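S.K.: You'll find protein-v3.csv just under this line, and it carries CSV, C-alpha atoms and all ligand atoms.
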chain,number,residue,atom,x,y,z
S,1,MET,CA,-101.1,-54.7,-65.4
S,2,SER,CA,-100.5,-58.3,-66.6
S,3,VAL,CA,-97.5,-58.9,-68.8
S,4,HIS,CA,-99.1,-62.1,-70.2
S,5,LYS,CA,-100.7,-62.0,-73.6
S,6,ASN,CA,-104.3,-63.3,-74.0
S,7,ILE,CA,-103.3,-66.6,-75.6
S,8,LYS,CA,-104.8,-69.9,-74.4
S,9,LYS,CA,-101.8,-72.1,-73.8
S,10,ILE,CA,-101.9,-75.8,-74.5
S,11,THR,CA,-101.4,-77.9,-71.3
S,12,THR,CA,-101.4,-81.7,-70.7
S,13,ASN,CA,-105.1,-81.3,-69.7
S,14,THR,CA,-105.8,-79.7,-73.1
S,15,LEU,CA,-104.4,-82.9,-74.7
S,16,HIS,CA,-106.6,-85.1,-72.6
S,17,GLU,CA,-109.7,-83.0,-73.6
S,18,MET,CA,-108.7,-83.2,-77.2
S,19,LYS,CA,-108.6,-87.0,-77.0
S,20,GLN,CA,-112.0,-87.1,-75.3
S,21,LYS,CA,-113.4,-84.8,-78.0
S,22,GLY,CA,-111.8,-86.8,-80.8
S,23,GLU,CA,-109.7,-83.7,-81.9
S,24,LYS,CA,-106.3,-84.8,-83.3
S,25,ILE,CA,-103.1,-83.5,-81.7
S,26,ALA,CA,-100.5,-82.0,-84.1
S,27,MET,CA,-96.9,-82.2,-82.8
S,28,LEU,CA,-93.6,-81.3,-84.6
S,29,THR,CA,-90.0,-81.2,-83.5
S,30,ALA,CA,-88.2,-77.9,-82.9
S,31,TYR,CA,-84.7,-77.2,-81.7
S,32,ASP,CA,-84.1,-73.5,-82.1
S,33,TYR,CA,-85.8,-70.1,-81.5
S,34,SER,CA,-86.6,-69.1,-85.1
S,35,MET,CA,-88.2,-72.3,-86.2
S,36,ALA,CA,-90.1,-72.7,-82.9
S,37,ARG,CA,-91.5,-69.2,-83.4
S,38,LEU,CA,-92.8,-70.0,-86.9
S,39,LEU,CA,-94.3,-73.4,-85.8
S,40,ASP,CA,-96.0,-72.0,-82.7
S,41,ALA,CA,-97.4,-69.0,-84.6
S,42,ALA,CA,-98.8,-71.4,-87.2
S,43,GLY,CA,-100.8,-73.2,-84.6
S,44,ILE,CA,-98.9,-76.4,-83.7
S,45,ASP,CA,-100.2,-78.0,-80.4
S,46,VAL,CA,-97.0,-79.6,-79.1
S,47,LEU,CA,-93.4,-78.8,-79.9
S,48,LEU,CA,-91.0,-81.7,-79.1
S,49,VAL,CA,-87.4,-80.7,-78.5
S,50,GLY,CA,-86.4,-84.1,-79.8
S,51,ASP,CA,-83.1,-85.8,-79.3
S,52,SER,CA,-83.3,-86.1,-83.1
S,53,ALA,CA,-81.4,-82.8,-82.7
S,54,SER,CA,-78.5,-85.1,-82.6
S,55,ASN,CA,-79.1,-86.1,-86.2
S,56,VAL,CA,-80.8,-82.9,-87.6
S,57,MET,CA,-78.8,-80.2,-85.8
S,58,ALA,CA,-75.4,-81.9,-85.2
S,59,GLY,CA,-75.2,-84.4,-88.1
S,60,HIS,CA,-74.7,-87.5,-86.0
S,61,GLU,CA,-75.8,-90.9,-87.3
S,62,THR,CA,-77.8,-91.7,-84.2
S,63,THR,CA,-79.5,-89.9,-81.3
S,64,LEU,CA,-77.1,-91.4,-78.7
S,65,PRO,CA,-74.3,-88.7,-78.7
S,66,ILE,CA,-76.4,-85.7,-77.7
S,67,THR,CA,-75.9,-84.6,-74.1
S,68,LEU,CA,-78.2,-83.3,-71.3
S,69,ASP,CA,-76.5,-79.9,-71.5
S,70,GLN,CA,-77.1,-79.8,-75.3
S,71,MET,CA,-80.7,-80.8,-74.9
S,72,ILE,CA,-81.2,-78.0,-72.3
S,73,TYR,CA,-79.6,-75.5,-74.7
S,74,HIS,CA,-82.0,-76.4,-77.5
S,75,ALA,CA,-85.0,-76.4,-75.1
S,76,GLN,CA,-84.1,-72.9,-73.8
S,77,SER,CA,-84.1,-71.6,-77.3
S,78,VAL,CA,-87.5,-73.2,-78.1
S,79,VAL,CA,-89.1,-72.1,-74.9
S,80,ARG,CA,-88.1,-68.4,-75.5
S,81,ALA,CA,-90.1,-68.6,-78.8
S,82,VAL,CA,-93.3,-70.2,-77.7
S,83,GLU,CA,-96.5,-68.5,-76.7
S,84,ARG,CA,-99.1,-71.3,-77.1
S,85,ALA,CA,-97.7,-74.8,-77.7
S,86,LEU,CA,-96.8,-77.3,-75.0
S,87,VAL,CA,-93.0,-77.8,-75.0
S,88,VAL,CA,-91.9,-81.4,-74.4
S,89,VAL,CA,-88.1,-82.2,-74.1
S,90,ASP,CA,-86.5,-85.6,-74.8
S,91,MET,CA,-84.4,-87.0,-72.0
S,92,PRO,CA,-81.2,-87.9,-73.8
S,93,PHE,CA,-79.5,-91.3,-73.8
S,94,GLY,CA,-77.7,-91.9,-70.5
S,95,SER,CA,-79.7,-89.4,-68.5
S,96,TYR,CA,-82.3,-91.8,-67.1
S,97,GLN,CA,-81.8,-95.5,-68.0
S,98,GLY,CA,-81.4,-97.9,-65.1
S,99,ASN,CA,-81.3,-95.2,-62.4
S,100,SER,CA,-84.4,-93.5,-61.3
S,101,ARG,CA,-82.5,-91.0,-59.1
S,102,LEU,CA,-80.5,-89.9,-62.1
S,103,ALA,CA,-83.7,-89.7,-64.1
S,104,LEU,CA,-85.3,-87.4,-61.5
S,105,GLU,CA,-82.1,-85.2,-61.4
S,106,SER,CA,-82.0,-85.0,-65.2
S,107,ALA,CA,-85.7,-84.1,-65.5
S,108,ILE,CA,-85.4,-81.4,-62.8
S,109,ARG,CA,-82.4,-79.9,-64.6
S,110,ILE,CA,-84.4,-79.8,-67.9
S,111,MET,CA,-87.4,-78.2,-66.3
S,112,LYS,CA,-85.5,-75.7,-64.1
S,113,GLU,CA,-82.9,-74.6,-66.7
S,114,SER,CA,-85.1,-74.5,-69.8
S,115,GLY,CA,-88.6,-73.6,-68.6
S,116,ALA,CA,-90.1,-76.5,-70.7
S,117,HIS,CA,-93.4,-78.0,-69.7
S,118,ALA,CA,-92.8,-81.8,-69.8
S,119,VAL,CA,-90.2,-84.5,-70.5
S,120,LYS,CA,-90.3,-87.5,-72.8
S,121,LEU,CA,-88.4,-90.8,-72.3
S,122,GLU,CA,-88.2,-94.0,-74.3
S,123,GLY,CA,-89.1,-97.5,-73.1
S,124,GLY,CA,-91.7,-99.5,-71.2
S,125,GLU,CA,-91.5,-101.7,-68.1
S,126,GLU,CA,-87.8,-100.9,-67.7
S,127,VAL,CA,-88.4,-97.2,-67.2
S,128,VAL,CA,-91.5,-97.3,-65.1
S,129,GLU,CA,-89.5,-96.7,-61.9
S,130,SER,CA,-88.0,-93.6,-63.4
S,131,VAL,CA,-91.3,-92.3,-64.7
S,132,LYS,CA,-92.8,-92.6,-61.2
S,133,ARG,CA,-89.9,-90.9,-59.6
S,134,ILE,CA,-89.9,-88.0,-62.0
S,135,LEU,CA,-93.7,-87.6,-61.4
S,136,THR,CA,-93.0,-87.2,-57.6
S,137,ALA,CA,-91.5,-83.8,-58.5
S,138,GLY,CA,-94.6,-82.8,-60.4
S,139,ILE,CA,-93.0,-83.1,-63.8
S,140,PRO,CA,-95.3,-84.4,-66.6
S,141,VAL,CA,-93.9,-87.4,-68.5
S,142,MET,CA,-94.6,-88.5,-72.1
S,143,GLY,CA,-93.7,-92.1,-72.9
S,144,HIS,CA,-92.3,-93.5,-76.2
S,145,LEU,CA,-92.8,-97.0,-77.4
S,146,GLY,CA,-92.2,-99.0,-80.7
S,147,LEU,CA,-89.1,-98.0,-82.5
S,148,THR,CA,-87.2,-96.2,-79.8
S,149,PRO,CA,-84.1,-94.7,-81.5
S,150,GLN,CA,-82.0,-94.7,-78.4
S,151,SER,CA,-82.1,-98.6,-78.6
S,152,ILE,CA,-81.0,-98.7,-82.2
S,153,TYR,CA,-78.0,-100.9,-81.5
S,154,LYS,CA,-80.3,-103.4,-79.8
S,155,PHE,CA,-82.7,-103.4,-82.7
S,156,GLY,CA,-79.9,-103.3,-85.3
S,157,THR,CA,-82.2,-101.6,-87.9
S,158,TYR,CA,-84.9,-98.9,-88.2
S,159,VAL,CA,-87.6,-101.3,-89.6
S,160,VAL,CA,-91.2,-101.4,-88.4
S,161,ARG,CA,-91.4,-102.8,-84.8
S,162,ALA,CA,-94.0,-105.1,-83.2
S,163,LYS,CA,-95.1,-106.9,-86.3
S,164,GLU,CA,-94.8,-110.2,-84.5
S,165,ASP,CA,-97.3,-111.2,-81.8
S,166,ALA,CA,-94.9,-111.4,-78.9
S,167,GLU,CA,-93.5,-107.9,-79.4
S,168,ALA,CA,-97.0,-106.5,-80.0
S,169,GLU,CA,-98.2,-108.0,-76.8
S,170,LYS,CA,-95.3,-106.5,-74.9
S,171,LEU,CA,-96.0,-103.1,-76.4
S,172,LYS,CA,-99.7,-103.3,-75.3
S,173,HIS,CA,-98.6,-104.3,-71.8
S,174,ASP,CA,-96.0,-101.5,-71.7
S,175,ALA,CA,-98.5,-98.9,-72.9
S,176,LEU,CA,-100.9,-99.8,-70.0
S,177,LEU,CA,-98.0,-99.7,-67.5
S,178,LEU,CA,-96.9,-96.3,-68.7
S,179,GLN,CA,-100.5,-95.0,-68.4
S,180,GLU,CA,-100.8,-96.6,-64.9
S,181,SER,CA,-97.4,-95.0,-63.9
S,182,GLY,CA,-98.8,-91.6,-64.7
S,183,CYS,CA,-97.6,-90.7,-68.2
S,184,PHE,CA,-99.9,-88.0,-69.7
S,185,ALA,CA,-99.4,-89.2,-73.3
S,186,MET,CA,-97.1,-91.4,-75.4
S,187,VAL,CA,-95.4,-91.5,-78.8
S,188,LEU,CA,-95.9,-94.7,-80.8
S,189,GLU,CA,-93.2,-94.9,-83.4
S,190,LYS,CA,-93.1,-97.1,-86.6
S,191,ILE,CA,-95.6,-99.8,-85.6
S,192,PRO,CA,-98.4,-101.4,-87.6
S,193,ALA,CA,-101.5,-99.2,-87.9
S,194,LYS,CA,-103.8,-102.0,-86.4
S,195,LEU,CA,-101.7,-102.1,-83.3
S,196,THR,CA,-101.8,-98.3,-82.9
S,197,GLU,CA,-105.6,-98.6,-83.2
S,198,ALA,CA,-105.8,-101.2,-80.5
S,199,VAL,CA,-103.4,-99.4,-78.1
S,200,SER,CA,-105.1,-96.0,-78.6
S,201,LYS,CA,-108.5,-97.5,-77.9
S,202,SER,CA,-107.3,-99.2,-74.7
S,203,LEU,CA,-105.8,-96.0,-73.2
S,204,HIS,CA,-107.5,-92.9,-71.8
S,205,ILE,CA,-104.3,-90.9,-72.4
S,206,PRO,CA,-103.5,-89.7,-75.9
S,207,THR,CA,-101.2,-91.5,-78.3
S,208,ILE,CA,-99.1,-89.6,-80.8
S,209,GLY,CA,-97.9,-91.6,-83.8
S,210,ILE,CA,-95.0,-91.4,-86.2
S,211,GLY,CA,-95.2,-94.0,-88.9
S,212,ALA,CA,-98.0,-95.6,-86.8
S,213,GLY,CA,-101.1,-95.0,-88.9
S,214,GLY,CA,-104.1,-92.7,-88.7
S,215,ASP,CA,-105.7,-94.1,-85.5
S,216,ALA,CA,-103.3,-92.5,-83.1
S,217,ASP,CA,-104.7,-89.5,-81.2
S,218,GLY,CA,-102.2,-87.3,-82.8
S,219,GLN,CA,-99.3,-87.2,-85.2
S,220,VAL,CA,-95.6,-86.1,-84.9
S,221,LEU,CA,-93.0,-85.5,-87.6
S,222,VAL,CA,-89.5,-84.2,-87.6
S,223,SER,CA,-90.0,-80.6,-88.9
S,224,HIS,CA,-86.9,-80.6,-91.1
S,225,ASP,CA,-88.2,-83.8,-92.8
S,226,MET,CA,-91.7,-82.5,-93.4
S,227,LEU,CA,-90.5,-79.1,-94.6
S,228,GLY,CA,-88.0,-80.7,-97.0
S,229,ILE,CA,-84.9,-79.2,-95.5
S,230,ASN,CA,-83.7,-82.8,-95.2
S,231,PHE,CA,-84.0,-84.1,-98.7
S,232,ASP,CA,-82.3,-87.5,-98.5
S,233,PHE,CA,-84.7,-89.3,-96.1
S,234,HIS,CA,-87.7,-91.0,-97.7
S,235,PRO,CA,-89.6,-93.3,-95.3
S,236,ARG,CA,-93.1,-94.3,-96.4
S,237,PHE,CA,-94.7,-92.5,-93.5
S,238,LEU,CA,-93.2,-89.1,-94.3
S,239,ARG,CA,-95.4,-86.6,-96.1
S,240,ARG,CA,-93.4,-83.6,-97.4
S,241,TYR,CA,-95.3,-80.3,-97.1
S,242,ALA,CA,-92.6,-78.2,-98.6
S,243,GLN,CA,-89.4,-78.5,-100.5
S,244,LEU,CA,-87.4,-75.9,-98.6
S,245,HIS,CA,-84.1,-77.3,-99.8
S,246,GLU,CA,-85.0,-76.2,-103.3
S,247,VAL,CA,-86.0,-72.7,-102.1
S,248,ILE,CA,-82.7,-72.4,-100.1
S,249,ASP,CA,-80.6,-73.7,-102.9
S,250,GLN,CA,-82.1,-71.2,-105.3
S,251,ALA,CA,-81.8,-68.3,-103.0
S,252,VAL,CA,-78.2,-69.0,-102.1
S,253,LYS,CA,-77.2,-69.5,-105.7
S,254,GLN,CA,-78.8,-66.2,-106.6
S,255,TYR,CA,-77.0,-64.5,-103.7
S,256,VAL,CA,-73.6,-65.9,-104.7
S,257,GLN,CA,-74.2,-64.7,-108.2
S,258,ASP,CA,-75.3,-61.3,-107.1
S,259,VAL,CA,-72.2,-60.8,-104.9
S,260,LYS,CA,-69.8,-62.0,-107.6
S,261,LYS,CA,-71.4,-59.7,-110.2
S,262,GLN,CA,-71.4,-56.8,-107.7
S,263,ASP,CA,-75.1,-56.5,-108.1
S,264,PHE,CA,-75.5,-56.8,-104.3
S,265,PRO,CA,-75.5,-54.5,-102.4
S,266,SER,CA,-77.2,-51.9,-104.6
S,267,ALA,CA,-77.2,-48.2,-103.9
S,268,ASN,CA,-80.4,-48.6,-101.9
S,269,GLU,CA,-78.9,-51.3,-99.8
S,270,GLN,CA,-76.1,-49.3,-98.3
S,271,TYR,CA,-75.5,-46.3,-96.0
S,301,LIG,O1,-86.5,-87.2,-81.3
S,301,LIG,C1,-87.5,-87.1,-82.0
S,301,LIG,O2,-87.6,-86.4,-82.9
S,301,LIG,C2,-88.6,-88.0,-81.6
S,301,LIG,C3,-89.8,-88.1,-82.6
S,301,LIG,C4,-89.4,-88.8,-83.8
S,301,LIG,C5,-91.0,-88.7,-81.9
S,301,LIG,O3,-88.6,-88.7,-80.6
Just give me the structure as structure tokens.
M.R.:
Amino acid sequence: MSVHKNIKKITTNTLHEMKQKGEKIAMLTAYDYSMARLLDAAGIDVLLVGDSASNVMAGHETTLPITLDQMIYHAQSVVRAVERALVVVDMPFGSYQGNSRLALESAIRIMKESGAHAVKLEGGEEVVESVKRILTAGIPVMGHLGLTPQSIYKFGTYVVRAKEDAEAEKLKHDALLLQESGCFAMVLEKIPAKLTEAVSKSLHIPTIGIGAGGDADGQVLVSHDMLGINFDFHPRFLRRYAQLHEVIDQAVKQYVQDVKKQDFPSANEQY
């Protein structure tokens, strides 16, 4: 008897087919079991264990401090929850840059210790050697161009990237290089919508945009932002689908009141 449930899992091939059919890909971040379970059950196609966990989960100002061990811990929790979605894990800052052997070792650790399905790394030409080396181990790689948060100290600001011709041309060139190197998809973050349209049309692999307009082949948001758990982040690209901070605030205030008034627990809520 098979222990596997009859659920059609999303694979990298599914994403390619979706691009070919013109079906948009829906991706969200997840860092823990409970949230990943909800998002997967609701029909999300891809769950990204983003290094934004550094901000969202740990309260750091940037994504730089999170470690490979911490990313693996988050990825393990997400993988345990998922029945359908493709799980992609961000390779953290310092685990791949400038050293393709280190990149391969880090990617193997992520895959072996978490059970995830793919890794993501930031950058273009400068990471091509690492992408190719990771692929030699049969590990699918997602690229990430535009605003790459691990380079925030180089950029100095989180403003829209590639508005000028030179940076836009480099981005187009990098996108083709990543595709030629074997990436199965790529995130385009905070770039002009027209550039996303041009890049997405020029590639046969899917693009997944965040703040990059409607012509990407899919969209990604940080789940805590779109659910309104984070309430002090208001970029123009962010649509809030819920105000969970209000729900949580209300519920916790009520709980505090009930405990103080000795209304909780009631006779029915004890043994
Ligand atoms: O870490 C992350 O959440 C990301 C997305 C914003 C694409 O890389």
S.K.: Which protein, DNA or RNA residues have an atom within 6 Å of ligand LIG 301 (chain S), counting only C-alpha atoms and all ligand atoms, as a PDB file with C-alpha atoms, in the coordinates of the input?
M.R.:
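Output saved as result13.pdb:
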ATOM      1  CA  THR S  29     -90.000 -81.200 -83.500  1.00  0.00           C
ATOM      2  CA  GLY S  50     -86.400 -84.100 -79.800  1.00  0.00           C
ATOM      3  CA  ASP S  51     -83.100 -85.800 -79.300  1.00  0.00           C
ATOM      4  CA  SER S  52     -83.300 -86.100 -83.100  1.00  0.00           C
ATOM      5  CA  VAL S 222     -89.500 -84.200 -87.600  1.00  0.00           C
TER       6      VAL S 222
END
S.K.: How far is it from atom CA of Gln150 of chain S to atom CA of Pro206 of chain S, in Å with one decimal?
M.R.: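 Going from atom CA of Gln150 of chain S over to atom CA of Pro206 of chain S covers 22.2 Å.
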S.K.: Give me, as JSON, numbers by chain, all polymer residues having an atom no more than 12 Å from His234 of chain S, counting all atoms listed in the file and skipping those fewer than 6 positions away in the same chain.
M.R.: {"S": [211, 225, 226, 228, 240]}
S.K.: Pick the closest to Ile152 of chain S from S:Phe93, S:Ser223, S:Arg133, S:Met27: which is it, counting only C-alpha atoms?
M.R.: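 For Ile152 of chain S, the nearest of the given residues is S:Phe93.
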S.K.: Which one is closest to Glu189 of chain S: S:Lys163, S:Gly146, S:Met18, S:Asp217? Count only C-alpha atoms.
M.R.: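 Of S:Lys163, S:Gly146, S:Met18, S:Asp217, the one nearest Glu189 of chain S is S:Gly146, counting only C-alpha atoms.
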S.K.: Taking only C-alpha atoms into account, name the residue in S:Leu104, S:Asp258, S:Ala85, S:Met111 that is nearest to Arg37 of chain S.
M.R.: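 Answer, going by the shortest atom-to-atom distance: S:Ala85.
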S.K.: So that each row is one residue of segment 11-36 of chain S with an atom at most 9 Å from segment 181-185 of chain S, can you give its shortest atom pair and the distance in Å to one decimal, using all atoms listed in the file, rows by chain and rising number, as a tab-separated table?
M.R.:
residue	atom	partner	partner_atom	distance
S:Thr12	CA	S:Phe184	CA	6.6
S:Asn13	CA	S:Phe184	CA	8.5
S:Leu15	CA	S:Ala185	CA	8.2
S:His16	CA	S:Phe184	CA	7.9
S.K.: Taking C-alpha atoms for each residue, export the selection above as a short mmCIF file (atom, residue, chain, number, x, y, z; two decimals), keeping the file's coordinate frame.
M.R.:
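selection.cif written:
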data_model
loop_
_atom_site.label_atom_id
_atom_site.label_comp_id
_atom_site.auth_asym_id
_atom_site.auth_seq_id
_atom_site.Cartn_x
_atom_site.Cartn_y
_atom_site.Cartn_z
CA THR S 12 -101.40 -81.70 -70.70
CA ASN S 13 -105.10 -81.30 -69.70
CA LEU S 15 -104.40 -82.90 -74.70
CA HIS S 16 -106.60 -85.10 -72.60
#
S.K.: If I take atom CA of Asp249 of chain S and atom CA of Gly59 of chain S, how far is one from the other in Å, to one decimal?
M.R.: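 Computing it gives 19.0 Å between the two atoms.
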S.K.: Near Ala81 of chain S, within 12 Å and counting all atoms listed in the file, which residues show up once chain neighbours fewer than 6 positions away are dropped, as a PyMOL selection string?
M.R.: chain S and resi 30-41+47+74-75+87+114-116
S.K.: Nearest to Ser106 of chain S among S:Pro65, S:Gly218, S:Gly94, S:Pro140, with distances taken over only C-alpha atoms: which residue is it?
M.R.: S:Gly94
S.K.: Need to verify the contact set: Asn230 of chain S, 9 Å, all atoms listed in the file, exclusion of same-chain residues closer than 6 positions in sequence. Can you return it as JSON, numbers by chain?
M.R.: {"S": [56, 224, 243, 244, 245]}
S.K.: Could you tell me which of S:His60, S:Leu135, S:Thr207, S:Lys8 comes closest to Val82 of chain S if we count all atoms listed in the file?
M.R.: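 Smallest distance to Val82 of chain S is found for S:Lys8.
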S.K.: Just how far from atom CA of Lys112 of chain S is atom CA of Val141 of chain S, in Å to one decimal?
M.R.: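 According to the coordinates, atom CA of Val141 of chain S and atom CA of Lys112 of chain S are separated by 15.1 Å.
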S.K.: Pick from S:Ala53, S:Ile229, S:Ala42, S:Val199: nearest to Val89 of chain S, with only C-alpha atoms counted?
M.R.: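 The answer is S:Ala53, which sits nearest to Val89 of chain S.
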S.K.: Show me the residues close to (-86.2, -96.2, -89.0) - anything with an atom within 8 Å, counting all atoms listed in the file - and format the list as a PyMOL selection string.
M.R.: chain S and resi 147+149+157-160+190+235
S.K.: Place all heavy atoms on segment 53-62 of chain S and deliver the coordinates as a PDB file, in the frame of the given file.
M.R.:
ATOM      1  N   ALA S  53     -82.373 -83.879 -82.558  1.00  0.00           N
ATOM      2  CA  ALA S  53     -81.400 -82.800 -82.700  1.00  0.00           C
ATOM      3  C   ALA S  53     -80.019 -83.316 -82.972  1.00  0.00           C
ATOM      4  O   ALA S  53     -79.211 -82.697 -83.679  1.00  0.00           O
ATOM      5  CB  ALA S  53     -81.431 -81.883 -81.497  1.00  0.00           C
ATOM      6  N   SER S  54     -79.763 -84.474 -82.391  1.00  0.00           N
ATOM      7  CA  SER S  54     -78.500 -85.100 -82.600  1.00  0.00           C
ATOM      8  C   SER S  54     -78.185 -85.383 -84.063  1.00  0.00           C
ATOM      9  O   SER S  54     -77.067 -85.188 -84.555  1.00  0.00           O
ATOM     10  CB  SER S  54     -78.419 -86.426 -81.777  1.00  0.00           C
ATOM     11  OG  SER S  54     -77.193 -87.087 -81.932  1.00  0.00           O
ATOM     12  N   ASN S  55     -79.250 -85.818 -84.801  1.00  0.00           N
ATOM     13  CA  ASN S  55     -79.100 -86.100 -86.200  1.00  0.00           C
ATOM     14  C   ASN S  55     -79.256 -84.733 -87.006  1.00  0.00           C
ATOM     15  O   ASN S  55     -78.392 -84.362 -87.794  1.00  0.00           O
ATOM     16  CB  ASN S  55     -80.237 -87.004 -86.746  1.00  0.00           C
ATOM     17  CG  ASN S  55     -80.441 -88.218 -85.860  1.00  0.00           C
ATOM     18  OD1 ASN S  55     -81.364 -88.246 -85.053  1.00  0.00           O
ATOM     19  ND2 ASN S  55     -79.588 -89.213 -85.985  1.00  0.00           N
ATOM     20  N   VAL S  56     -80.380 -84.053 -86.748  1.00  0.00           N
ATOM     21  CA  VAL S  56     -80.800 -82.900 -87.600  1.00  0.00           C
ATOM     22  C   VAL S  56     -79.869 -81.706 -87.383  1.00  0.00           C
ATOM     23  O   VAL S  56     -79.490 -81.033 -88.333  1.00  0.00           O
ATOM     24  CB  VAL S  56     -82.243 -82.531 -87.255  1.00  0.00           C
ATOM     25  CG1 VAL S  56     -82.685 -81.331 -88.051  1.00  0.00           C
ATOM     26  CG2 VAL S  56     -83.173 -83.705 -87.515  1.00  0.00           C
ATOM     27  N   MET S  57     -79.550 -81.408 -86.146  1.00  0.00           N
ATOM     28  CA  MET S  57     -78.800 -80.200 -85.800  1.00  0.00           C
ATOM     29  C   MET S  57     -77.266 -80.476 -85.869  1.00  0.00           C
ATOM     30  O   MET S  57     -76.495 -79.632 -86.298  1.00  0.00           O
ATOM     31  CB  MET S  57     -79.132 -79.668 -84.447  1.00  0.00           C
ATOM     32  CG  MET S  57     -80.523 -79.136 -84.326  1.00  0.00           C
ATOM     33  SD  MET S  57     -80.667 -77.475 -85.031  1.00  0.00           S
ATOM     34  CE  MET S  57     -81.606 -77.804 -86.494  1.00  0.00           C
ATOM     35  N   ALA S  58     -76.878 -81.671 -85.371  1.00  0.00           N
ATOM     36  CA  ALA S  58     -75.400 -81.900 -85.200  1.00  0.00           C
ATOM     37  C   ALA S  58     -74.855 -82.867 -86.238  1.00  0.00           C
ATOM     38  O   ALA S  58     -73.631 -83.024 -86.309  1.00  0.00           O
ATOM     39  CB  ALA S  58     -75.179 -82.462 -83.790  1.00  0.00           C
ATOM     40  N   GLY S  59     -75.731 -83.525 -87.038  1.00  0.00           N
ATOM     41  CA  GLY S  59     -75.200 -84.400 -88.100  1.00  0.00           C
ATOM     42  C   GLY S  59     -74.721 -85.752 -87.633  1.00  0.00           C
ATOM     43  O   GLY S  59     -74.029 -86.449 -88.375  1.00  0.00           O
ATOM     44  N   HIS S  60     -75.082 -86.162 -86.413  1.00  0.00           N
ATOM     45  CA  HIS S  60     -74.700 -87.500 -86.000  1.00  0.00           C
ATOM     46  C   HIS S  60     -75.572 -88.548 -86.632  1.00  0.00           C
ATOM     47  O   HIS S  60     -76.708 -88.277 -87.032  1.00  0.00           O
ATOM     48  CB  HIS S  60     -74.881 -87.640 -84.440  1.00  0.00           C
ATOM     49  CG  HIS S  60     -73.915 -86.828 -83.641  1.00  0.00           C
ATOM     50  ND1 HIS S  60     -72.557 -87.044 -83.668  1.00  0.00           N
ATOM     51  CD2 HIS S  60     -74.116 -85.800 -82.766  1.00  0.00           C
ATOM     52  CE1 HIS S  60     -71.964 -86.186 -82.857  1.00  0.00           C
ATOM     53  NE2 HIS S  60     -72.887 -85.417 -82.315  1.00  0.00           N
ATOM     54  N   GLU S  61     -75.060 -89.778 -86.692  1.00  0.00           N
ATOM     55  CA  GLU S  61     -75.800 -90.900 -87.300  1.00  0.00           C
ATOM     56  C   GLU S  61     -76.962 -91.331 -86.412  1.00  0.00           C
ATOM     57  O   GLU S  61     -77.996 -91.790 -86.897  1.00  0.00           O
ATOM     58  CB  GLU S  61     -74.846 -92.027 -87.529  1.00  0.00           C
ATOM     59  CG  GLU S  61     -75.227 -92.886 -88.706  1.00  0.00           C
ATOM     60  CD  GLU S  61     -74.148 -93.899 -88.977  1.00  0.00           C
ATOM     61  OE1 GLU S  61     -73.008 -93.494 -89.292  1.00  0.00           O
ATOM     62  OE2 GLU S  61     -74.446 -95.084 -88.822  1.00  0.00           O
ATOM     63  N   THR S  62     -76.796 -91.239 -85.100  1.00  0.00           N
ATOM     64  CA  THR S  62     -77.800 -91.700 -84.200  1.00  0.00           C
ATOM     65  C   THR S  62     -78.140 -90.590 -83.154  1.00  0.00           C
ATOM     66  O   THR S  62     -77.473 -89.555 -83.127  1.00  0.00           O
ATOM     67  CB  THR S  62     -77.377 -92.948 -83.371  1.00  0.00           C
ATOM     68  OG1 THR S  62     -76.391 -92.551 -82.413  1.00  0.00           O
ATOM     69  CG2 THR S  62     -76.806 -94.023 -84.276  1.00  0.00           C
TER      70      THR S  62
END
